[in-house]
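Participant: So that we are looking at the same thing, I have put the structure below in structure tokens.
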Amino acid sequence: FMQDYPSPEEPMLLEMLGSRPYKVVDSRRIAEEAGNVLTQNIVLLGAASPDIPLKKESLQEAIRRTVPQKTVDMNLKAFDMGIDAGKSE
């Protein structure tokens with residue numbers, strides 16, 4: 001969040017979500033397991049991917065094309081771990 005604003009607390013987030021479905025994913029822990037905390041966004045992409053109207057292969061190809069070449073395998077691992085986390089949460 002923005003520098004001078006506090007992060008929202010869980011009750012506030014739940015209130016904002018209302019009756020919408022949601023998943024709770026420990027993206028930091030999973031990203032660290034994948035190899036780098038900076039892959040958190042890819043973990044979350046994986047967790048959300050079943051609800052995104054794109055094929056898994058298309059998202060994987062987008063990852064290959066957009067992350068630095070030396071981090072492709074780590075990011076693909078983070079993506080797969082995110083998928084698994086989204087299923088189990």
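Going by the structure tokens order, chains are called A, B, ..., each with residues numbered from 1, while ligands are numbered from 1 in the order shown.
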Could you name the residues that touch region 27-39 of chain A at 8 Å or less, counting only C-alpha atoms, but leaving out those on the same chain fewer than 2 positions away, as number ranges by chain?
Facilitator: A: 25, 41-44, 74-75, 77-78, 81-82
Participant: DSSP on the backbone, then: every residue of region 22-56 of chain A marked helix (DSSP H, G or I), written as a list in words.
Facilitator: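 Of region 22-56 of chain A, only Ser27, Arg28, Arg29, Ile30, Ala31, Glu32, Glu33, Ala34, Val37, Leu38, Thr39, Gln40, Asn41, Ile42, Val43, Leu44, Leu45, Gly46, Ala47, Ala48, Ser49, Pro50, Asp51 and Lys56 of chain A fall in helix (DSSP H, G or I).
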Participant: Need the shell around Ile83 (chain A): protein/DNA/RNA residues with any atom at most 9 Å away, counting only C-alpha atoms. Skip same-chain ones fewer than 2 positions apart. Format as a list of chain:residue names?
Facilitator: A:Val43, A:Leu44, A:Leu45, A:Gly46, A:Ala47, A:Ala48, A:Ser49, A:Pro50, A:Ala78, A:Phe79, A:Asp80, A:Met81, A:Ala85, A:Gly86, A:Lys87, A:Ser88
Participant: For region 55-67 of chain A, list every protein, DNA or RNA residue within 7 Å, evaluated using only C-alpha atoms, and leave out those in the same chain fewer than 3 positions away; present the list as a PyMOL selection string.
Facilitator: chain A and resi 71-72+76
Participant: Please list as a PDB file with N, CA and C atoms, in the first residue's frame every residue within 12 Å of Glu10 (chain A), counting only C-alpha atoms and excluding residues in the same chain fewer than 6 positions away.
Facilitator:
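The resulting file, selection_22.pdb, is reproduced below:
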```pdb
ATOM      1  N   MET A  16     -15.139  -5.570   3.250  1.00  0.00           N
ATOM      2  CA  MET A  16     -15.123  -5.100   1.872  1.00  0.00           C
ATOM      3  C   MET A  16     -15.498  -6.215   0.899  1.00  0.00           C
ATOM      4  N   LEU A  17     -15.097  -7.436   1.204  1.00  0.00           N
ATOM      5  CA  LEU A  17     -15.410  -8.559   0.332  1.00  0.00           C
ATOM      6  C   LEU A  17     -16.884  -8.935   0.379  1.00  0.00           C
ATOM      7  N   VAL A  24      -7.392 -17.433   0.832  1.00  0.00           N
ATOM      8  CA  VAL A  24      -6.292 -16.889   1.621  1.00  0.00           C
ATOM      9  C   VAL A  24      -5.063 -17.725   1.297  1.00  0.00           C
TER      10      VAL A  24
END
```
